[in-house]
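Trainee: Sending over upload.cif (mmCIF, C-alpha atoms and all ligand atoms).
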```
data_upload
#
loop_
_atom_site.label_atom_id
_atom_site.label_comp_id
_atom_site.auth_asym_id
_atom_site.auth_seq_id
_atom_site.Cartn_x
_atom_site.Cartn_y
_atom_site.Cartn_z
CA MET O 1 108.88 111.47 127.95
CA ALA O 2 109.76 108.05 126.59
CA ASP O 3 107.49 105.40 128.02
CA GLU O 4 109.59 102.27 128.61
CA SER O 5 106.62 99.96 128.25
CA LYS O 6 106.05 101.08 124.66
CA GLN O 7 107.92 99.94 121.59
CA THR O 8 109.89 102.49 119.62
CA VAL O 9 109.03 103.50 116.07
CA PHE O 10 111.52 105.41 113.89
CA SER O 11 111.10 106.76 110.40
CA GLY O 12 112.52 109.44 108.17
CA VAL O 13 112.00 111.24 104.90
CA GLN O 14 114.61 113.08 102.84
CA PRO O 15 114.05 116.80 102.37
CA THR O 16 114.59 116.40 98.67
CA GLY O 17 112.20 117.47 95.99
CA LYS O 18 108.49 117.40 96.45
CA ILE O 19 106.62 115.16 98.84
CA THR O 20 103.97 113.33 96.85
CA LEU O 21 100.44 112.26 97.55
CA GLY O 22 101.86 108.71 97.48
CA ASN O 23 104.34 109.56 100.26
CA TYR O 24 101.50 111.06 102.25
CA LEU O 25 98.89 108.32 101.83
CA GLY O 26 101.43 105.55 102.15
CA ALA O 27 103.59 106.85 104.95
CA ILE O 28 103.23 110.19 106.66
CA LYS O 29 99.46 109.97 107.10
CA ASN O 30 99.80 106.72 109.02
CA TRP O 31 102.59 108.01 111.24
CA GLY O 32 100.18 110.17 113.20
CA ALA O 33 98.07 107.15 114.07
CA LEU O 34 101.07 105.38 115.64
CA GLN O 35 101.76 108.10 118.18
CA GLN O 36 99.49 106.84 120.94
CA ARG O 37 100.68 103.25 120.86
CA TYR O 38 104.40 103.74 120.38
CA ASN O 39 107.29 105.99 121.27
CA CYS O 40 107.57 107.63 117.88
CA ILE O 41 110.68 109.31 116.54
CA TYR O 42 110.36 111.10 113.20
CA CYS O 43 113.36 112.55 111.47
CA VAL O 44 114.07 114.80 108.51
CA VAL O 45 117.13 113.03 107.09
CA ASP O 46 119.04 115.96 105.65
CA LEU O 47 122.43 114.20 105.70
CA HIS O 48 121.06 111.53 103.38
CA SER O 49 120.04 114.19 100.88
CA LEU O 50 123.66 115.23 100.44
CA THR O 51 124.38 111.99 98.59
CA VAL O 52 122.98 113.66 95.48
CA THR O 53 123.87 117.19 94.42
CA GLN O 54 121.89 119.84 96.31
CA LEU O 55 121.60 123.59 96.07
CA PRO O 56 122.33 124.69 99.66
CA ALA O 57 119.58 127.32 99.81
CA GLU O 58 117.07 124.86 98.43
CA LEU O 59 118.07 122.14 100.88
CA ARG O 60 117.65 124.59 103.75
CA LYS O 61 114.17 125.56 102.56
CA ASN O 62 113.09 121.99 101.84
CA THR O 63 114.21 120.91 105.31
CA LEU O 64 112.06 123.47 107.14
CA ASP O 65 109.16 122.88 104.74
CA LEU O 66 109.27 119.19 105.60
CA VAL O 67 109.36 119.82 109.35
CA ALA O 68 106.24 121.98 108.99
CA LEU O 69 104.65 119.40 106.72
CA TYR O 70 105.19 116.61 109.26
CA ILE O 71 103.28 118.65 111.84
CA ALA O 72 100.62 119.70 109.33
CA CYS O 73 100.08 116.02 108.51
CA GLY O 74 99.35 115.16 112.11
CA ILE O 75 102.64 114.50 113.84
CA ASP O 76 102.23 116.06 117.24
CA PRO O 77 105.55 117.26 118.67
CA GLN O 78 104.09 116.80 122.16
CA LEU O 79 103.63 113.09 121.51
CA SER O 80 106.51 112.32 119.17
CA THR O 81 110.15 113.27 118.90
CA LEU O 82 110.52 115.34 115.74
CA PHE O 83 114.00 116.47 114.71
CA ILE O 84 116.51 117.14 111.97
CA GLN O 85 119.14 114.42 111.52
CA SER O 86 122.15 116.74 111.34
CA HIS O 87 121.21 118.23 114.73
CA VAL O 88 122.19 114.95 116.36
CA PRO O 89 125.87 114.27 115.63
CA GLN O 90 125.62 110.67 116.87
CA HIS O 91 124.08 109.64 113.52
CA ALA O 92 127.30 110.34 111.66
CA GLU O 93 129.39 108.96 114.51
CA LEU O 94 127.61 105.63 114.71
CA CYS O 95 127.71 105.48 110.93
CA TRP O 96 131.52 105.35 111.10
CA ILE O 97 131.51 102.44 113.55
CA LEU O 98 128.96 100.52 111.48
CA ASP O 99 130.98 101.23 108.34
CA THR O 100 133.75 99.18 109.90
CA ILE O 101 131.55 96.10 110.29
CA CYS O 102 129.76 96.46 106.95
CA TYR O 103 131.23 94.85 103.86
CA VAL O 104 131.67 96.76 100.63
CA GLY O 105 130.03 93.86 98.81
CA GLU O 106 126.86 94.27 100.86
CA LEU O 107 126.62 97.90 99.82
CA SER O 108 127.53 97.57 96.16
CA ARG O 109 124.81 94.92 95.76
CA MET O 110 122.02 97.23 96.98
CA THR O 111 119.30 97.77 94.39
CA GLN O 112 118.89 101.45 95.20
CA PHE O 113 122.64 102.07 95.00
CA LYS O 114 122.76 100.50 91.57
CA GLU O 115 119.74 102.51 90.41
CA LYS O 116 121.05 105.78 91.74
CA SER O 117 124.50 105.10 90.30
CA ARG O 118 122.89 104.74 86.92
CA LYS O 119 120.86 107.89 87.38
CA HIS O 120 123.68 110.02 88.78
CA ALA O 121 126.54 108.49 86.81
CA ASP O 122 128.58 111.69 87.15
CA ASN O 123 128.40 111.63 90.95
CA ILE O 124 128.80 108.12 92.33
CA ASN O 125 130.21 109.33 95.63
CA ALA O 126 131.16 107.23 98.65
CA GLY O 127 128.17 108.64 100.54
CA LEU O 128 125.80 107.22 97.96
CA MET O 129 127.20 103.78 98.60
CA ASN O 130 127.19 104.24 102.38
CA TYR O 131 123.65 105.63 102.41
CA PRO O 132 122.20 102.41 103.92
CA VAL O 133 124.77 102.43 106.73
CA LEU O 134 123.69 105.93 107.74
CA MET O 135 120.10 104.73 107.59
CA ALA O 136 121.01 101.79 109.84
CA SER O 137 122.57 104.28 112.27
CA ASP O 138 119.38 106.36 112.31
CA ILE O 139 117.40 103.30 113.28
CA LEU O 140 119.79 101.54 115.66
CA LEU O 141 120.69 104.62 117.73
CA TYR O 142 117.17 104.71 119.18
CA GLN O 143 116.81 100.98 119.96
CA THR O 144 114.05 101.02 117.37
CA ASN O 145 111.64 98.08 117.23
CA LEU O 146 109.53 99.08 114.24
CA VAL O 147 110.30 101.02 111.09
CA PRO O 148 107.40 102.14 108.89
CA VAL O 149 108.81 101.99 105.38
CA GLY O 150 107.77 101.37 101.83
CA LYS O 151 108.66 98.19 99.97
CA ASP O 152 111.57 99.93 98.28
CA GLN O 153 113.31 100.33 101.66
CA VAL O 154 112.99 96.73 102.84
CA GLN O 155 116.44 95.83 101.54
CA HIS O 156 117.96 98.72 103.49
CA LEU O 157 116.11 97.66 106.61
CA GLU O 158 117.41 94.13 106.16
CA LEU O 159 120.95 95.53 106.21
CA ALA O 160 120.18 97.43 109.44
CA ARG O 161 119.02 94.14 110.97
CA ASN O 162 122.13 92.34 109.78
CA LEU O 163 124.42 95.03 111.16
CA ALA O 164 122.61 95.00 114.51
CA GLN O 165 122.90 91.22 114.75
CA ARG O 166 126.52 91.24 113.63
CA PHE O 167 127.46 93.87 116.20
CA ASN O 168 125.51 92.10 118.96
CA ALA O 169 127.19 88.79 118.14
CA ARG O 170 130.66 90.30 118.07
CA TYR O 171 130.45 92.63 121.08
CA SER O 172 127.43 91.39 123.14
CA ASP O 173 123.86 92.57 123.07
CA THR O 174 123.73 96.28 122.25
CA PHE O 175 121.10 97.02 119.64
CA ALA O 176 117.44 96.11 119.34
CA VAL O 177 116.89 94.32 116.03
CA PRO O 178 114.29 96.37 114.13
CA GLU O 179 111.42 95.12 112.04
CA ALA O 180 109.66 96.67 109.07
CA LEU O 181 106.16 97.99 109.51
CA LEU O 182 104.87 97.76 105.98
CA SER O 183 101.99 99.98 105.05
CA LYS O 184 99.07 98.14 103.52
CA THR O 185 97.87 101.00 101.39
CA GLY O 186 100.84 103.14 100.65
CA ASN O 187 102.94 101.42 98.09
CA SER O 188 99.88 100.92 96.01
CA ILE O 189 99.81 104.54 94.89
CA LYS O 190 101.10 104.52 91.33
CA SER O 191 102.18 107.07 88.76
CA LEU O 192 99.26 108.81 87.04
CA GLN O 193 100.99 108.26 83.71
CA ASP O 194 102.17 104.68 84.15
CA PRO O 195 100.29 102.50 86.64
CA SER O 196 103.10 99.93 86.63
CA ALA O 197 105.47 102.42 88.33
CA LYS O 198 105.08 103.84 91.81
CA MET O 199 104.24 107.52 92.28
CA SER O 200 107.76 108.77 92.89
CA LYS O 201 108.99 112.23 93.74
CA SER O 202 111.91 111.80 91.39
CA ASP O 203 109.67 111.12 88.38
CA PRO O 204 110.75 113.47 85.59
CA ASN O 205 107.19 113.64 84.24
CA ASP O 206 105.42 116.29 86.27
CA ASN O 207 101.99 114.99 85.28
CA ALA O 208 102.69 111.60 86.82
CA VAL O 209 102.83 112.85 90.37
CA ILE O 210 100.55 114.85 92.66
CA CYS O 211 102.62 116.89 95.10
CA LEU O 212 101.33 117.84 98.51
CA THR O 213 101.97 121.45 97.54
CA ASP O 214 99.91 121.35 94.32
CA ASP O 215 97.08 123.87 94.16
CA ALA O 216 93.54 122.91 93.20
CA ASP O 217 93.90 123.78 89.51
CA THR O 218 97.05 121.70 89.22
CA VAL O 219 95.40 118.70 90.87
CA VAL O 220 92.44 118.94 88.50
CA ARG O 221 94.71 119.25 85.46
CA LYS O 222 96.93 116.31 86.45
CA LEU O 223 93.96 114.06 87.15
CA ARG O 224 92.28 115.02 83.91
CA ARG O 225 95.44 113.97 82.10
CA ALA O 226 95.84 110.75 84.09
CA VAL O 227 95.88 107.68 81.88
CA THR O 228 92.93 105.30 82.09
CA ASP O 229 92.26 101.85 80.69
CA SER O 230 90.36 101.55 77.45
CA ASP O 231 86.90 100.22 78.23
CA SER O 232 83.58 100.98 76.57
CA SER O 233 81.44 99.06 79.02
CA PHE O 234 78.69 100.57 81.17
CA ASN O 235 80.77 100.09 84.32
CA CYS O 236 84.15 101.42 83.33
CA VAL O 237 85.04 102.57 86.86
CA ARG O 238 86.03 99.23 88.35
CA HIS O 239 88.87 97.95 90.48
CA ALA O 240 90.30 95.07 88.47
CA ALA O 241 93.62 93.49 87.58
CA ASP O 242 93.18 94.36 83.90
CA LYS O 243 92.41 98.00 84.82
CA PRO O 244 95.55 99.11 86.67
CA ALA O 245 95.17 102.83 85.92
CA VAL O 246 91.54 103.07 87.03
CA SER O 247 92.28 100.87 90.05
CA ASN O 248 94.98 103.32 91.07
CA LEU O 249 92.57 106.25 90.79
CA LEU O 250 90.01 104.30 92.82
CA ASN O 251 92.63 103.70 95.51
CA ILE O 252 93.43 107.39 95.60
CA TYR O 253 89.73 108.23 95.78
CA SER O 254 89.11 105.74 98.55
CA LEU O 255 92.07 106.87 100.67
CA THR O 256 91.20 110.55 100.33
CA SER O 257 87.39 110.35 100.56
CA GLY O 258 87.20 107.66 103.23
CA GLU O 259 84.77 105.60 101.13
CA THR O 260 85.63 101.98 100.47
CA VAL O 261 86.55 100.97 96.93
CA ALA O 262 83.29 99.00 96.71
CA GLN O 263 81.26 102.05 97.73
CA ALA O 264 83.08 104.14 95.16
CA GLU O 265 82.47 101.59 92.39
CA LYS O 266 78.78 101.82 93.20
CA ARG O 267 78.82 105.61 93.24
CA PHE O 268 80.38 105.78 89.78
CA GLU O 269 78.32 103.01 88.23
CA GLY O 270 77.30 104.07 84.75
CA LYS O 271 79.39 107.24 84.95
CA GLY O 272 82.21 108.01 82.59
CA TYR O 273 85.86 108.65 83.33
CA GLY O 274 85.37 112.42 83.17
CA VAL O 275 82.95 112.54 86.09
CA PHE O 276 85.05 110.07 88.03
CA LYS O 277 88.30 112.01 87.57
CA GLN O 278 86.67 115.23 88.73
CA ALA O 279 85.46 113.47 91.88
CA VAL O 280 88.94 112.10 92.54
CA ALA O 281 90.32 115.61 92.14
CA ASP O 282 87.74 117.02 94.56
CA ALA O 283 88.57 114.37 97.16
CA VAL O 284 92.31 114.98 96.81
CA ILE O 285 91.91 118.75 97.05
CA ALA O 286 89.80 118.40 100.20
CA VAL O 287 92.71 116.53 101.81
CA LEU O 288 95.49 118.80 100.54
CA GLN O 289 93.99 122.19 101.29
CA PRO O 290 93.92 121.99 105.09
CA ILE O 291 97.43 120.51 105.14
CA GLN O 292 98.73 123.32 102.95
CA ALA O 293 97.04 125.98 105.07
CA ARG O 294 98.45 124.52 108.28
CA GLN O 295 101.94 124.19 106.78
CA LYS O 296 101.89 127.82 105.72
CA GLN O 297 100.77 128.92 109.16
CA LEU O 298 103.54 126.89 110.80
CA LEU O 299 106.23 128.22 108.48
CA ALA O 300 105.20 131.75 109.43
CA ASP O 301 105.75 130.94 113.10
CA LYS O 302 109.54 130.63 113.28
CA ALA O 303 109.66 130.73 117.07
CA TYR O 304 107.34 127.75 117.37
CA LEU O 305 109.19 125.68 114.78
CA GLU O 306 112.50 126.45 116.46
CA SER O 307 111.17 125.39 119.84
CA VAL O 308 109.91 122.12 118.36
CA LEU O 309 113.27 121.48 116.71
CA LYS O 310 115.20 122.28 119.87
CA THR O 311 113.11 119.99 122.06
CA GLY O 312 113.17 117.25 119.43
CA ALA O 313 116.94 117.35 118.98
CA ASP O 314 117.53 117.50 122.76
CA ASN O 315 115.40 114.40 123.24
CA ALA O 316 116.96 112.55 120.37
CA ARG O 317 120.49 113.44 121.44
CA TYR O 318 119.85 112.14 124.94
CA ILE O 319 118.82 108.70 123.67
CA ALA O 320 121.42 108.60 120.91
CA ALA O 321 124.27 109.51 123.27
CA LYS O 322 123.39 106.60 125.55
CA THR O 323 123.55 104.08 122.71
CA LEU O 324 126.68 105.57 121.18
CA SER O 325 128.66 105.58 124.42
CA LYS O 326 127.83 101.90 124.89
CA VAL O 327 129.03 101.21 121.36
CA TYR O 328 132.25 103.16 121.80
CA ARG O 329 133.03 101.33 125.03
CA LYS O 330 132.30 97.91 123.56
CA VAL O 331 134.53 98.33 120.52
CA GLY O 332 137.42 99.42 122.75
CA LEU O 333 137.50 103.19 122.48
CA ILE O 334 138.54 105.05 125.63
CA ALA O 335 135.86 107.31 127.10
CA PRO O 336 136.77 111.00 126.94
CA ILE O 337 138.22 112.44 130.13
CA ARG O 338 135.69 114.77 131.76
N1 LIG O 401 115.96 105.84 102.88
C1 LIG O 401 114.67 106.30 103.31
C2 LIG O 401 113.85 106.65 102.06
O1 LIG O 401 114.37 107.14 101.11
C3 LIG O 401 114.76 107.50 104.22
C4 LIG O 401 115.38 107.14 105.53
C5 LIG O 401 116.60 107.50 105.99
C6 LIG O 401 114.78 106.33 106.53
N2 LIG O 401 116.81 107.00 107.24
C7 LIG O 401 115.71 106.27 107.60
C8 LIG O 401 113.55 105.67 106.61
C9 LIG O 401 115.45 105.54 108.74
C10 LIG O 401 113.28 104.93 107.77
C11 LIG O 401 114.23 104.86 108.81
O2 LIG O 401 112.65 106.47 102.08
#
```
Take the structure in the file and give it back as structure tokens.
Mentor:
Amino acid sequence: MADESKQTVFSGVQPTGKITLGNYLGAIKNWGALQQRYNCIYCVVDLHSLTVTQLPAELRKNTLDLVALYIACGIDPQLSTLFIQSHVPQHAELCWILDTICYVGELSRMTQFKEKSRKHADNINAGLMNYPVLMASDILLYQTNLVPVGKDQVQHLELARNLAQRFNARYSDTFAVPEALLSKTGNSIKSLQDPSAKMSKSDPNDNAVICLTDDADTVVRKLRRAVTDSDSSFNCVRHAADKPAVSNLLNIYSLTSGETVAQAEKRFEGKGYGVFKQAVADAVIAVLQPIQARQKQLLADKAYLESVLKTGADNARYIAAKTLSKVYRKVGLIAPIR
């Protein structure tokens, strides 16, 4: 299945909370387009989710929902390897080895660790600190060349690169050193309530975030309530540095309608915010509805989802086992007697 002449792409999303329109436009939507050019491996990183408190039944549901969502968003299990992280034990195993070459100082300095420690002050567990080492394991197990990530994950990716280089220097060449594949559009999707913050699934303000599961009425309501920039001019719908909220809505409109921002500015020339917001809502709904319908259909077909997950995990395990056995041998562990 894996084509040796192609580079490998790996990415993952946590099955935590709601996947947002920002996640979709910035990440998952683009993943489908990479499938022809690269060996793509897409993972639902359930072990990462355990670093914050989860309700087991909810985690289980979110995990399957996300698998179905990946496929509904255009990831083709025939072209890509799609699997659940905990189905491939090598992730946790490599994590242990990398833990032993990673310094505590490197982890305690991580921006996301500091943020999450503040947010979950009652549960600063060791897993939360080691989160980036598990992420490095995800990436390095598959000899990954490219990792599509948002800006907020660049620091974690840098650690994965450092660990790969450190291991290679200490024990001879073992891991490919991965590079970030930054999305041009994605990180630009901001909160509907505060255009200086990114649209984040952990935002406590429900109105700030469009979820991929939102129905049409909800999308309309949230967009109607979206903040705009005060402007009484004839052309209030403009993409401009001093109009961050409207620029964000224009970006959303452009990415969901397929029109360029310039075309959209022209379309809404002389129109007020009300008309514009309704059009953004319509464009968003037209993107969400088919995804939601497909996800529902997939979730109803247990046998199909299970076959995808079995094939995906089998594939992933095969590659991961090769890398891990090399690693074990190089650090001096004795191979199990067969
Ligand atoms: N930390 C990533 C995030 O929150 C998720 C993730 C885990 C990931 N392992 C990964 C992303 C490996 C890319 C590659 O967005």
Trainee: Tell me which protein, DNA and RNA residues are within 7 Å of Cys40 of chain O, counting all atoms listed in the file, leaving out same-chain ones fewer than 5 positions away, and put them as a list in words.
Mentor: Thr8, Val9, Phe10, Gln35, Ser80 and Thr81 of chain O
Trainee: For ligand LIG 401 (chain O), which residue out of O:Glu269, O:Asp46, O:Asp76, O:Asp173 is the nearest one, using only C-alpha atoms and all ligand atoms?
Mentor: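 Of the candidates, the smallest distance to ligand LIG 401 (chain O) is held by O:Asp46.
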Trainee: Please work out which residues fall within 12 Å of (110.9, 119.8, 107.1), coordinates as given in the file, with only C-alpha atoms counting, and return them as a PyMOL selection string.
Mentor: chain O and resi 12-19+42-46+58-73+75+82-85+295+298-299+305-306+308-309
Trainee: Of the candidates O:Asn39, O:Ser254, O:Asn23, O:Asn315, which shows the shortest atom-to-atom distance to ligand LIG 401 (chain O), using only C-alpha atoms and all ligand atoms?
Mentor: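 Nearest candidate to ligand LIG 401 (chain O) out of O:Asn39, O:Ser254, O:Asn23, O:Asn315: O:Asn23.
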Trainee: Could you give me the residues within 8 Å of ligand LIG 401 (chain O), counting all atoms listed in the file, as a PDB file with C-alpha atoms, in the frame of the given file?
Mentor:
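Contents of pocket.pdb, as written:
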```pdb
ATOM      1  CA  PHE O  10     111.520 105.410 113.890  1.00  0.00           C
ATOM      2  CA  SER O  11     111.100 106.760 110.400  1.00  0.00           C
ATOM      3  CA  GLY O  12     112.520 109.440 108.170  1.00  0.00           C
ATOM      4  CA  VAL O  13     112.000 111.240 104.900  1.00  0.00           C
ATOM      5  CA  GLN O  14     114.610 113.080 102.840  1.00  0.00           C
ATOM      6  CA  CYS O  43     113.360 112.550 111.470  1.00  0.00           C
ATOM      7  CA  VAL O  45     117.130 113.030 107.090  1.00  0.00           C
ATOM      8  CA  HIS O  48     121.060 111.530 103.380  1.00  0.00           C
ATOM      9  CA  TYR O 131     123.650 105.630 102.410  1.00  0.00           C
ATOM     10  CA  PRO O 132     122.200 102.410 103.920  1.00  0.00           C
ATOM     11  CA  LEU O 134     123.690 105.930 107.740  1.00  0.00           C
ATOM     12  CA  MET O 135     120.100 104.730 107.590  1.00  0.00           C
ATOM     13  CA  ALA O 136     121.010 101.790 109.840  1.00  0.00           C
ATOM     14  CA  ASP O 138     119.380 106.360 112.310  1.00  0.00           C
ATOM     15  CA  ILE O 139     117.400 103.300 113.280  1.00  0.00           C
ATOM     16  CA  VAL O 147     110.300 101.020 111.090  1.00  0.00           C
ATOM     17  CA  PRO O 148     107.400 102.140 108.890  1.00  0.00           C
ATOM     18  CA  VAL O 149     108.810 101.990 105.380  1.00  0.00           C
ATOM     19  CA  GLY O 150     107.770 101.370 101.830  1.00  0.00           C
ATOM     20  CA  ASP O 152     111.570  99.930  98.280  1.00  0.00           C
ATOM     21  CA  GLN O 153     113.310 100.330 101.660  1.00  0.00           C
ATOM     22  CA  HIS O 156     117.960  98.720 103.490  1.00  0.00           C
ATOM     23  CA  LEU O 157     116.110  97.660 106.610  1.00  0.00           C
TER      24      LEU O 157
END
```
Trainee: Select, from O:Ser172, O:Thr53, O:Gln143, O:Thr20, the residue with the minimum atom-to-atom distance to Asp214 of chain O, counting only C-alpha atoms.
Mentor: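 Counting only C-alpha atoms, the residue closest to Asp214 of chain O is O:Thr20.
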Trainee: Which residue out of O:Val261, O:Leu182, O:Ala320, O:Ile252 has the minimum interatomic distance to Ala92 of chain O when only C-alpha atoms are used?
Mentor: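 Checking each candidate against Ala92 of chain O, we get O:Ala320 as the closest.
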Trainee: Record the distance separating atom CA of Lys222 of chain O and atom CA of Leu55 of chain O, expressed in Å with one decimal.
Mentor: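 Computed distance, atom CA of Lys222 of chain O to atom CA of Leu55 of chain O, equals 27.5 Å.
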